[in-house]
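coords-v3.json, holding JSON, C-alpha atoms:
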[["chain", "number", "residue", "atom", "x", "y", "z"],
["A", 129, "MET", "CA", -41.17, 29.59, -59.25],
["A", 130, "PRO", "CA", -38.59, 32.20, -58.20],
["A", 131, "GLY", "CA", -39.20, 34.39, -55.21],
["A", 132, "MET", "CA", -38.65, 34.50, -51.51],
["A", 133, "LYS", "CA", -40.50, 34.30, -48.24],
["A", 134, "ILE", "CA", -39.41, 36.33, -45.26],
["A", 135, "LEU", "CA", -40.80, 36.93, -41.82],
["A", 136, "LEU", "CA", -41.69, 40.63, -41.66],
["A", 137, "ASN", "CA", -42.74, 41.75, -38.18],
["A", 138, "ASN", "CA", -43.65, 38.12, -37.37],
["A", 139, "ARG", "CA", -45.82, 37.71, -40.48],
["A", 140, "GLU", "CA", -44.80, 35.59, -43.44],
["A", 141, "GLU", "CA", -44.55, 37.78, -46.56],
["A", 142, "GLU", "CA", -43.74, 36.80, -50.15],
["A", 143, "PHE", "CA", -41.61, 38.77, -52.59],
["A", 144, "LYS", "CA", -41.06, 38.10, -56.29],
["A", 145, "ALA", "CA", -37.29, 38.61, -56.19],
["A", 146, "ASP", "CA", -34.86, 35.90, -55.02],
["A", 147, "SER", "CA", -33.03, 38.42, -52.90],
["A", 148, "MET", "CA", -33.28, 42.17, -52.33],
["A", 149, "THR", "CA", -31.62, 44.95, -50.38],
["A", 150, "VAL", "CA", -33.29, 46.70, -47.47],
["A", 151, "SER", "CA", -33.71, 49.77, -49.72],
["A", 152, "SER", "CA", -35.50, 47.78, -52.41],
["A", 153, "MET", "CA", -37.84, 46.17, -49.89],
["A", 154, "LEU", "CA", -38.77, 49.63, -48.60],
["A", 155, "GLU", "CA", -39.43, 50.75, -52.20],
["A", 156, "ILE", "CA", -41.42, 47.64, -53.15],
["A", 157, "ARG", "CA", -43.64, 47.96, -50.10],
["A", 158, "LYS", "CA", -43.85, 51.78, -50.42],
["A", 159, "TYR", "CA", -42.97, 52.28, -46.76],
["A", 160, "THR", "CA", -43.11, 56.02, -46.38],
["A", 161, "PHE", "CA", -42.40, 57.09, -42.80],
["A", 162, "ARG", "CA", -38.99, 58.69, -42.69],
["A", 163, "MET", "CA", -37.50, 57.38, -39.48],
["A", 164, "ARG", "CA", -37.32, 53.71, -38.69],
["A", 165, "ILE", "CA", -35.32, 50.86, -37.19],
["A", 166, "VAL", "CA", -34.61, 47.74, -39.24],
["A", 167, "LYS", "CA", -33.27, 44.51, -37.77],
["A", 168, "ILE", "CA", -32.49, 41.35, -39.72],
["A", 169, "ASN", "CA", -32.20, 38.13, -37.70],
["A", 170, "GLY", "CA", -31.73, 40.27, -34.58],
["A", 171, "GLU", "CA", -28.93, 42.36, -36.10],
["A", 172, "LEU", "CA", -29.48, 46.13, -36.37],
["A", 173, "ILE", "CA", -29.09, 47.50, -39.89],
["A", 174, "PRO", "CA", -28.14, 51.18, -39.65],
["A", 175, "ARG", "CA", -29.63, 53.60, -42.18],
["A", 176, "GLY", "CA", -26.26, 53.93, -43.92],
["A", 177, "LYS", "CA", -26.32, 50.22, -44.81],
["A", 178, "TYR", "CA", -29.83, 49.94, -46.31],
["A", 179, "ARG", "CA", -28.41, 49.91, -49.87],
["A", 180, "SER", "CA", -25.68, 47.36, -49.22],
["A", 181, "THR", "CA", -27.57, 44.93, -46.97],
["A", 182, "VAL", "CA", -29.20, 41.98, -48.71],
["A", 183, "ILE", "CA", -32.30, 40.25, -47.34],
["A", 184, "HIS", "CA", -32.35, 36.50, -48.05],
["A", 185, "ASP", "CA", -35.09, 33.91, -48.24],
["A", 186, "GLY", "CA", -36.17, 32.89, -44.74],
["A", 187, "ASP", "CA", -34.78, 35.98, -43.00],
["A", 188, "ASN", "CA", -36.53, 37.39, -39.95],
["A", 189, "VAL", "CA", -36.98, 41.11, -40.63],
["A", 190, "GLN", "CA", -38.23, 43.41, -37.89],
["A", 191, "MET", "CA", -39.15, 46.99, -38.65],
["A", 192, "LEU", "CA", -40.40, 49.72, -36.40],
["A", 193, "TYR", "CA", -41.43, 53.26, -37.26],
["A", 194, "LEU", "CA", -40.36, 56.14, -35.08],
["A", 195, "MET", "CA", -42.97, 58.85, -34.68],
["A", 196, "SER", "CA", -42.04, 62.23, -33.25],
["A", 197, "GLY", "CA", -43.21, 63.00, -29.75],
["A", 198, "GLY", "CA", -41.74, 62.23, -26.39],
["B", 269, "MET", "CA", -75.78, 15.38, -6.29],
["B", 270, "ILE", "CA", -76.09, 17.37, -9.53],
["B", 271, "MET", "CA", -75.58, 20.60, -7.55],
["B", 272, "ILE", "CA", -72.33, 19.25, -6.12],
["B", 273, "ILE", "CA", -71.07, 18.30, -9.59],
["B", 274, "ILE", "CA", -71.92, 21.77, -10.91],
["B", 275, "MET", "CA", -70.14, 23.42, -7.98],
["B", 276, "ILE", "CA", -67.02, 21.30, -8.50],
["B", 277, "TRP", "CA", -67.08, 22.06, -12.23],
["B", 278, "ARG", "CA", -67.37, 25.80, -11.56],
["B", 279, "GLY", "CA", -64.50, 25.70, -9.09],
["B", 280, "PHE", "CA", -62.43, 23.74, -11.60],
["B", 281, "ARG", "CA", -63.15, 26.28, -14.32],
["B", 282, "LYS", "CA", -62.18, 29.14, -12.03],
["B", 283, "ILE", "CA", -58.86, 27.56, -11.11],
["B", 284, "PHE", "CA", -57.96, 26.99, -14.74],
["B", 285, "SER", "CA", -59.23, 30.28, -16.15],
["B", 286, "ILE", "CA", -56.63, 32.21, -18.13],
["B", 287, "ASN", "CA", -56.60, 35.07, -15.65],
["B", 288, "HIS", "CA", -55.93, 32.76, -12.81],
["B", 289, "LEU", "CA", -53.16, 30.93, -14.65],
["B", 290, "TYR", "CA", -51.57, 34.29, -15.45],
["B", 291, "LEU", "CA", -51.63, 35.38, -11.83],
["B", 292, "CYS", "CA", -50.29, 31.98, -10.75],
["B", 293, "SER", "CA", -47.38, 32.35, -13.15],
["B", 294, "GLN", "CA", -46.70, 35.86, -11.83],
["B", 295, "ILE", "CA", -46.67, 34.62, -8.27],
["B", 296, "LEU", "CA", -44.30, 31.80, -9.25],
["B", 297, "ASN", "CA", -42.02, 34.19, -11.15],
["B", 298, "ASN", "CA", -41.99, 36.63, -8.29],
["B", 299, "GLU", "CA", -41.38, 33.86, -5.77],
["B", 300, "ARG", "CA", -44.13, 35.37, -3.64],
["B", 301, "MET", "CA", -42.36, 38.68, -3.10],
["B", 302, "ASN", "CA", -44.18, 41.37, -1.17],
["B", 303, "LEU", "CA", -43.85, 45.08, -1.90],
["B", 304, "SER", "CA", -40.86, 45.47, 0.41],
["B", 305, "ASP", "CA", -39.06, 42.45, -1.18],
["B", 306, "ILE", "CA", -39.73, 43.92, -4.61],
["B", 307, "GLY", "CA", -38.35, 47.28, -3.45],
["B", 308, "SER", "CA", -35.12, 45.72, -2.17],
["B", 309, "HIS", "CA", -34.74, 43.82, -5.46],
["B", 310, "LEU", "CA", -35.33, 46.87, -7.67],
["B", 311, "LYS", "CA", -32.95, 48.96, -5.51],
["B", 312, "LYS", "CA", -30.02, 47.02, -7.01],
["B", 313, "PHE", "CA", -30.58, 48.32, -10.54],
["B", 314, "ARG", "CA", -29.70, 51.32, -12.65],
["B", 315, "VAL", "CA", -32.02, 52.55, -15.41],
["B", 316, "GLY", "CA", -31.02, 55.12, -18.04],
["B", 317, "ILE", "CA", -33.59, 57.55, -19.42],
["B", 318, "ALA", "CA", -32.82, 59.52, -22.59],
["B", 319, "GLY", "CA", -35.03, 62.61, -22.56],
["B", 320, "ALA", "CA", -36.94, 64.20, -19.67],
["B", 321, "GLY", "CA", -40.06, 65.38, -21.48],
["B", 322, "GLY", "CA", -43.53, 63.83, -21.32],
["B", 323, "LEU", "CA", -42.37, 60.22, -21.60],
["B", 324, "GLY", "CA", -39.09, 60.50, -19.69],
["B", 325, "SER", "CA", -40.25, 62.56, -16.71],
["B", 326, "ASN", "CA", -43.39, 60.47, -16.11],
["B", 327, "CYS", "CA", -41.53, 57.20, -16.63],
["B", 328, "ALA", "CA", -38.86, 58.35, -14.15],
["B", 329, "ALA", "CA", -41.53, 59.13, -11.54],
["B", 330, "LEU", "CA", -43.07, 55.65, -11.92],
["B", 331, "LEU", "CA", -39.67, 53.94, -11.66],
["B", 332, "ALA", "CA", -38.76, 56.04, -8.61],
["B", 333, "ARG", "CA", -42.03, 55.07, -6.90],
["B", 334, "SER", "CA", -41.45, 51.42, -7.78],
["B", 335, "GLY", "CA", -38.10, 51.48, -5.98],
["B", 336, "VAL", "CA", -35.49, 51.44, -8.77],
["B", 337, "GLY", "CA", -32.17, 52.28, -7.09],
["B", 338, "THR", "CA", -30.47, 54.55, -9.60],
["B", 339, "LEU", "CA", -31.76, 56.60, -12.51],
["B", 340, "VAL", "CA", -29.46, 58.17, -15.10],
["B", 341, "ILE", "CA", -31.36, 61.04, -16.75],
["B", 342, "VAL", "CA", -30.21, 63.03, -19.78],
["B", 343, "ASP", "CA", -31.83, 66.16, -21.25],
["B", 344, "TYR", "CA", -30.49, 69.47, -22.62],
["B", 345, "ASP", "CA", -33.68, 71.52, -22.26],
["B", 346, "SER", "CA", -35.20, 73.72, -19.55],
["B", 347, "VAL", "CA", -38.71, 73.64, -18.09],
["B", 348, "GLU", "CA", -41.28, 75.84, -19.81],
["B", 349, "LYS", "CA", -44.76, 76.73, -18.60],
["B", 350, "SER", "CA", -46.33, 74.74, -21.47],
["B", 351, "ASN", "CA", -44.54, 71.56, -20.27],
["B", 352, "LEU", "CA", -46.75, 71.50, -17.15],
["B", 353, "SER", "CA", -49.63, 70.24, -19.30],
["B", 354, "ARG", "CA", -48.13, 66.74, -19.43],
["B", 355, "GLN", "CA", -44.68, 66.54, -17.90],
["B", 356, "PHE", "CA", -43.68, 65.79, -14.30],
["B", 357, "TYR", "CA", -42.79, 69.37, -13.33],
["B", 358, "PHE", "CA", -44.44, 71.95, -11.13],
["B", 359, "SER", "CA", -45.29, 75.61, -11.26],
["B", 360, "GLY", "CA", -42.26, 77.53, -10.02],
["B", 361, "GLN", "CA", -39.77, 75.26, -11.81],
["B", 362, "GLU", "CA", -39.93, 77.19, -15.10],
["B", 363, "GLY", "CA", -36.47, 78.10, -16.34],
["B", 364, "MET", "CA", -34.71, 75.29, -14.43],
["B", 365, "MET", "CA", -32.86, 72.62, -16.39],
["B", 366, "LYS", "CA", -35.27, 69.67, -16.76],
["B", 367, "THR", "CA", -32.64, 67.34, -15.32],
["B", 368, "GLU", "CA", -32.26, 69.47, -12.16],
["B", 369, "ALA", "CA", -36.00, 69.96, -11.72],
["B", 370, "LEU", "CA", -36.75, 66.26, -12.26],
["B", 371, "LYS", "CA", -34.07, 65.22, -9.79],
["B", 372, "GLU", "CA", -35.65, 67.56, -7.21],
["B", 373, "ASN", "CA", -39.10, 66.02, -7.81],
["B", 374, "LEU", "CA", -37.88, 62.40, -7.77],
["B", 375, "VAL", "CA", -36.02, 62.93, -4.50],
["B", 376, "ARG", "CA", -39.23, 64.32, -2.99],
["B", 377, "LEU", "CA", -40.99, 61.09, -4.09],
["B", 378, "ARG", "CA", -38.27, 58.86, -2.66],
["B", 379, "PRO", "CA", -35.44, 60.55, -0.75],
["B", 380, "GLU", "CA", -33.13, 57.51, -0.92],
["B", 381, "ILE", "CA", -33.13, 57.31, -4.74],
["B", 382, "ASP", "CA", -29.86, 58.02, -6.54],
["B", 383, "VAL", "CA", -30.42, 60.31, -9.53],
["B", 384, "ILE", "CA", -27.47, 60.94, -11.86],
["B", 385, "ILE", "CA", -28.11, 63.77, -14.29],
["B", 386, "HIS", "CA", -26.43, 64.94, -17.50],
["B", 387, "SER", "CA", -27.58, 68.27, -18.96],
["B", 388, "LEU", "CA", -26.42, 67.82, -22.53],
["B", 389, "LEU", "CA", -27.50, 66.94, -26.04],
["B", 390, "LEU", "CA", -27.02, 63.25, -26.80],
["B", 391, "ASP", "CA", -24.95, 62.29, -29.85],
["B", 392, "ARG", "CA", -23.35, 59.17, -31.30],
["B", 393, "LYS", "CA", -20.18, 59.80, -29.28],
["B", 394, "ASN", "CA", -21.47, 60.38, -25.74],
["B", 395, "ILE", "CA", -24.31, 57.79, -25.61],
["B", 396, "SER", "CA", -22.20, 54.71, -24.89],
["B", 397, "ARG", "CA", -20.17, 56.50, -22.18],
["B", 398, "ILE", "CA", -23.28, 57.80, -20.37],
["B", 399, "PHE", "CA", -25.42, 54.66, -20.50],
["B", 400, "SER", "CA", -22.83, 51.84, -20.42],
["B", 401, "ASP", "CA", -23.49, 50.91, -16.76],
["B", 402, "CYS", "CA", -27.29, 50.78, -17.11],
["B", 403, "ASP", "CA", -29.27, 47.55, -16.74],
["B", 404, "VAL", "CA", -32.10, 48.84, -18.93],
["B", 405, "ILE", "CA", -32.39, 51.98, -21.08],
["B", 406, "VAL", "CA", -35.54, 53.99, -21.88],
["B", 407, "GLU", "CA", -35.69, 56.02, -25.10],
["B", 408, "ALA", "CA", -37.91, 59.03, -24.39],
["B", 409, "LEU", "CA", -36.61, 61.55, -26.91],
["B", 410, "ASP", "CA", -38.80, 63.95, -28.83],
["B", 411, "SER", "CA", -37.82, 64.07, -32.51],
["B", 412, "SER", "CA", -37.94, 60.98, -34.71],
["B", 413, "GLU", "CA", -34.41, 61.76, -35.99],
["B", 414, "MET", "CA", -33.04, 61.69, -32.45],
["B", 415, "LYS", "CA", -34.96, 58.49, -31.71],
["B", 416, "GLU", "CA", -33.42, 56.76, -34.72],
["B", 417, "MET", "CA", -29.91, 57.97, -33.90],
["B", 418, "PHE", "CA", -30.26, 56.91, -30.27],
["B", 419, "ILE", "CA", -31.69, 53.44, -30.94],
["B", 420, "GLU", "CA", -29.11, 52.74, -33.68],
["B", 421, "THR", "CA", -26.28, 53.77, -31.38],
["B", 422, "VAL", "CA", -27.47, 51.84, -28.31],
["B", 423, "GLN", "CA", -28.21, 48.71, -30.34],
["B", 424, "SER", "CA", -24.76, 48.74, -31.95],
["B", 425, "ALA", "CA", -22.52, 50.18, -29.20],
["B", 426, "LEU", "CA", -24.29, 48.80, -26.11],
["B", 427, "LYS", "CA", -25.38, 45.40, -27.42],
["B", 428, "GLY", "CA", -27.22, 43.32, -24.86],
["B", 429, "ILE", "CA", -28.70, 46.16, -22.80],
["B", 430, "PRO", "CA", -32.50, 46.06, -23.22],
["B", 431, "LEU", "CA", -33.86, 49.26, -24.75],
["B", 432, "ILE", "CA", -37.48, 50.40, -24.39],
["B", 433, "ALA", "CA", -38.39, 52.85, -27.16],
["B", 434, "GLY", "CA", -41.47, 55.09, -27.36],
["B", 435, "SER", "CA", -43.24, 55.73, -30.66],
["B", 436, "GLY", "CA", -46.69, 57.20, -31.23],
["B", 437, "ILE", "CA", -48.20, 59.18, -28.34],
["B", 438, "ALA", "CA", -50.04, 62.03, -30.04],
["B", 439, "GLY", "CA", -53.65, 63.10, -29.51],
["B", 440, "TRP", "CA", -56.25, 61.57, -27.21],
["B", 441, "GLY", "CA", -58.53, 58.53, -27.05],
["B", 442, "ASN", "CA", -57.75, 55.47, -29.19],
["B", 443, "ASN", "CA", -56.86, 53.39, -26.15],
["B", 444, "GLU", "CA", -57.13, 50.18, -28.13],
["B", 445, "ILE", "CA", -54.20, 50.95, -30.43],
["B", 446, "LEU", "CA", -51.76, 51.80, -27.65],
["B", 447, "LYS", "CA", -49.56, 48.79, -27.06],
["B", 448, "SER", "CA", -46.23, 47.41, -26.04],
["B", 449, "ARG", "CA", -44.38, 45.20, -28.53],
["B", 450, "LYS", "CA", -41.33, 43.04, -28.03],
["B", 451, "ILE", "CA", -39.12, 43.12, -31.12],
["B", 452, "ASP", "CA", -36.47, 40.86, -29.61],
["B", 453, "GLU", "CA", -34.70, 40.29, -26.28],
["B", 454, "THR", "CA", -33.04, 43.73, -26.42],
["B", 455, "LEU", "CA", -35.63, 45.95, -28.09],
["B", 456, "TYR", "CA", -39.18, 46.83, -27.07],
["B", 457, "VAL", "CA", -41.46, 49.57, -28.36],
["B", 458, "CYS", "CA", -44.39, 51.24, -26.58],
["B", 459, "GLY", "CA", -47.00, 53.50, -28.20],
["B", 460, "ASP", "CA", -49.34, 53.29, -31.18],
["B", 461, "GLU", "CA", -46.45, 53.39, -33.72],
["B", 462, "THR", "CA", -48.55, 55.59, -36.01],
["B", 463, "SER", "CA", -49.46, 58.98, -34.53],
["B", 464, "GLU", "CA", -46.98, 61.80, -35.07],
["B", 465, "VAL", "CA", -47.01, 64.86, -32.84],
["B", 466, "THR", "CA", -47.84, 67.99, -34.88],
["B", 467, "ASP", "CA", -49.36, 71.40, -34.11],
["B", 468, "ASP", "CA", -52.79, 69.97, -34.96],
["B", 469, "LEU", "CA", -52.23, 66.75, -33.06],
["B", 470, "PRO", "CA", -50.49, 67.69, -29.82],
["B", 471, "PRO", "CA", -49.64, 65.14, -27.16],
["B", 472, "LEU", "CA", -52.21, 65.26, -24.37],
["B", 473, "ALA", "CA", -51.36, 64.19, -20.84],
["B", 474, "PRO", "CA", -53.40, 60.94, -20.66],
["B", 475, "ARG", "CA", -51.91, 59.26, -23.75],
["B", 476, "VAL", "CA", -48.40, 60.43, -22.87],
["B", 477, "ALA", "CA", -48.83, 59.04, -19.35],
["B", 478, "ILE", "CA", -50.16, 55.71, -20.66],
["B", 479, "VAL", "CA", -47.14, 55.21, -22.92],
["B", 480, "ALA", "CA", -44.75, 56.31, -20.14],
["B", 481, "GLY", "CA", -46.54, 53.74, -17.96],
["B", 482, "LEU", "CA", -46.14, 51.01, -20.60],
["B", 483, "GLN", "CA", -42.42, 51.81, -20.77],
["B", 484, "ALA", "CA", -42.01, 51.80, -16.97],
["B", 485, "ASN", "CA", -44.00, 48.55, -16.68],
["B", 486, "THR", "CA", -41.72, 46.90, -19.24],
["B", 487, "VAL", "CA", -38.65, 48.11, -17.34],
["B", 488, "VAL", "CA", -39.97, 46.72, -14.05],
["B", 489, "ASP", "CA", -40.84, 43.41, -15.71],
["B", 490, "LEU", "CA", -37.32, 43.06, -17.13],
["B", 491, "LEU", "CA", -35.66, 44.04, -13.82],
["B", 492, "MET", "CA", -37.80, 41.55, -11.87],
["B", 493, "LYS", "CA", -36.40, 38.79, -14.10],
["B", 494, "MET", "CA", -32.79, 39.92, -13.56],
["B", 495, "LYS", "CA", -30.64, 38.55, -10.72]]
Would you give me this structure, written as structure tokens?
Amino acid sequence: MPGMKILLNNREEEFKADSMTVSSMLEIRKYTFRMRIVKINGELIPRGKYRSTVIHDGDNVQMLYLMSGG
Amino acid sequence: MIMIIIMIWRGFRKIFSINHLYLCSQILNNERMNLSDIGSHLKKFRVGIAGAGGLGSNCAALLARSGVGTLVIVDYDSVEKSNLSRQFYFSGQEGMMKTEALKENLVRLRPEIDVIIHSLLLDRKNISRIFSDCDVIVEALDSSEMKEMFIETVQSALKGIPLIAGSGIAGWGNNEILKSRKIDETLYVCGDETSEVTDDLPPLAPRVAIVAGLQANTVVDLLMKMK
């Protein structure tokens, strides 16, 4: 059975693909807020690298949305 | 005899209640420091604050009162009358640069505090120069674009410095969804992470102050663990 399990904001989540980029994860999950921070295994992934960064099975992905207002 | 057993059992339960254990652990962590010991510990540190609006100005006031030695505050804006609804400024300060006005107010709270101000717009180039000497950094910017740019820059150019971001302060009520979340050792986020400030959902003073308080409390907690 192909697929992968990652830790997404401390919750185990399953995906059908064996690997995927940050961009494809955002598309699959239909994450819509515009501004966000993504970290994989503690490493910041800047917006410019969403398309080239691959998420692997077992990765710890942290995501946080940035809402206007300060 | 039964009464004595019940009394012992109740005492036992009280000692091992979660609250009590929590307080015990705090006392152990703090090595029984009193307010003056805590003040002399916090005096050694420097905290950077990006933005001096609702989050930044209130967070700065709390950190000044707590005894943090040096604050580095950055903002490009000036005080407007409408800011008085939720920001740490006073009538009569309209038109002043927020950095200048905030410094004035913080020094009135604690004359011995060192406040370093920069009246400029933050960008990818100046962030690391301005905040490189800070022990902890607070992100208190207004627009989500600026928040993303700031967090990305600090987390790549100033690796290792803990950053406390704010996200989701709009409206009123909804106490139960306001929270503080640790992403990892260098990134924390305070707020509800869902509410966006708009014309129909303005930030009201209580929620802004709660999130500023969550940020300041996280800063103090991190500084208390630093040598």
Find the residues of chain B that sit at most 9 Å from chain A; for each, write down the nearest two atoms and how far apart they are in Å, to one decimal. Count all atoms listed in the file. Sort by chain, then by number going up, and give it as a Markdown table.
| residue | atom | partner | partner_atom | distance |
| --- | --- | --- | --- | --- |
| B:Gly319 | CA | A:Gly198 | CA | 7.7 |
| B:Ala320 | CA | A:Gly198 | CA | 8.5 |
| B:Gly321 | CA | A:Gly198 | CA | 6.1 |
| B:Gly322 | CA | A:Gly198 | CA | 5.6 |
| B:Leu323 | CA | A:Gly198 | CA | 5.2 |
| B:Gly324 | CA | A:Gly198 | CA | 7.4 |
| B:Glu407 | CA | A:Gly198 | CA | 8.8 |
| B:Ala408 | CA | A:Gly198 | CA | 5.4 |
| B:Leu409 | CA | A:Gly198 | CA | 5.2 |
| B:Asp410 | CA | A:Gly198 | CA | 4.2 |
| B:Ser411 | CA | A:Ser196 | CA | 4.7 |
| B:Ser412 | CA | A:Ser196 | CA | 4.5 |
| B:Glu413 | CA | A:Met163 | CA | 6.4 |
| B:Lys415 | CA | A:Leu194 | CA | 6.8 |
| B:Glu416 | CA | A:Met163 | CA | 6.3 |
| B:Ile419 | CA | A:Ile165 | CA | 7.7 |
| B:Glu420 | CA | A:Pro174 | CA | 6.2 |
| B:Thr421 | CA | A:Pro174 | CA | 8.9 |
| B:Gln423 | CA | A:Leu172 | CA | 6.7 |
| B:Ser424 | CA | A:Leu172 | CA | 7.0 |
| B:Ala433 | CA | A:Leu194 | CA | 8.8 |
| B:Gly434 | CA | A:Gly198 | CA | 7.2 |
| B:Ser435 | CA | A:Met195 | CA | 5.1 |
| B:Gly436 | CA | A:Met195 | CA | 5.3 |
| B:Ile437 | CA | A:Gly197 | CA | 6.4 |
| B:Ala438 | CA | A:Gly197 | CA | 6.9 |
| B:Ile451 | CA | A:Gln190 | CA | 6.8 |
| B:Asp452 | CA | A:Gly170 | CA | 6.9 |
| B:Glu453 | CA | A:Gly170 | CA | 8.8 |
| B:Thr454 | CA | A:Gly170 | CA | 9.0 |
| B:Val457 | CA | A:Leu192 | CA | 8.1 |
| B:Glu461 | CA | A:Tyr193 | CA | 6.1 |
| B:Thr462 | CA | A:Met195 | CA | 6.6 |
| B:Ser463 | CA | A:Met195 | CA | 6.5 |
| B:Glu464 | CA | A:Met195 | CA | 5.0 |
| B:Val465 | CA | A:Gly197 | CA | 5.2 |
| B:Thr466 | CA | A:Ser196 | CA | 8.3 |
| B:Pro470 | CA | A:Gly197 | CA | 8.7 |
| B:Pro471 | CA | A:Gly197 | CA | 7.3 |
| B:Val476 | CA | A:Gly198 | CA | 7.7 |
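The list of residues within 8 Å of (-33.2, 34.1, -49.2), counted using only C-alpha atoms, is Met132, Lys133, Ile134, Asp146, Ser147, Ile183, His184, Asp185, Gly186 and Asp187 of chain A.
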Rounded to one decimal, what separation in Å do you get between atom CA of B:Glu348 and atom CA of B:Arg376?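 These two atoms are separated by 20.5 Å.
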Calculate how many Å separate atom CA of B:Met364 from atom CA of B:Asn394, rounding to one decimal.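 About the pair atom CA of B:Met364 and atom CA of B:Asn394: they are 22.9 Å apart.
In this model, the gap between atom CA of B:Val487 and atom CA of B:Met365 comes to 25.2 Å.
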Shell around A:Met153 at 10 Å using only C-alpha atoms, local window under 4 positions removed, as an NGL selection string: :A and (143 or 145 or 147-149 or 157-159 or 178 or 182-183)
With C-alpha atoms retained, could you export that selection as a PDB file, in the coordinates of the input?
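Output saved as result_23.pdb:
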ATOM      1  CA  PHE A 143     -41.610  38.770 -52.590  1.00  0.00           C
ATOM      2  CA  ALA A 145     -37.290  38.610 -56.190  1.00  0.00           C
ATOM      3  CA  SER A 147     -33.030  38.420 -52.900  1.00  0.00           C
ATOM      4  CA  MET A 148     -33.280  42.170 -52.330  1.00  0.00           C
ATOM      5  CA  THR A 149     -31.620  44.950 -50.380  1.00  0.00           C
ATOM      6  CA  ARG A 157     -43.640  47.960 -50.100  1.00  0.00           C
ATOM      7  CA  LYS A 158     -43.850  51.780 -50.420  1.00  0.00           C
ATOM      8  CA  TYR A 159     -42.970  52.280 -46.760  1.00  0.00           C
ATOM      9  CA  TYR A 178     -29.830  49.940 -46.310  1.00  0.00           C
ATOM     10  CA  VAL A 182     -29.200  41.980 -48.710  1.00  0.00           C
ATOM     11  CA  ILE A 183     -32.300  40.250 -47.340  1.00  0.00           C
TER      12      ILE A 183
END
If we draw a sphere of 6 Å around (-29.7, 48.3, -46.4), which residues have at least one atom in it when counting only C-alpha atoms? Please report them as a ChimeraX atom specification. /A:149-151,177-181
Taking all atoms listed in the file into account, which of B:Ala332, B:Met301, B:Leu469, B:Leu446 comes nearest B:Phe313?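 Residue with the minimum atom-to-atom distance to B:Phe313: B:Ala332.
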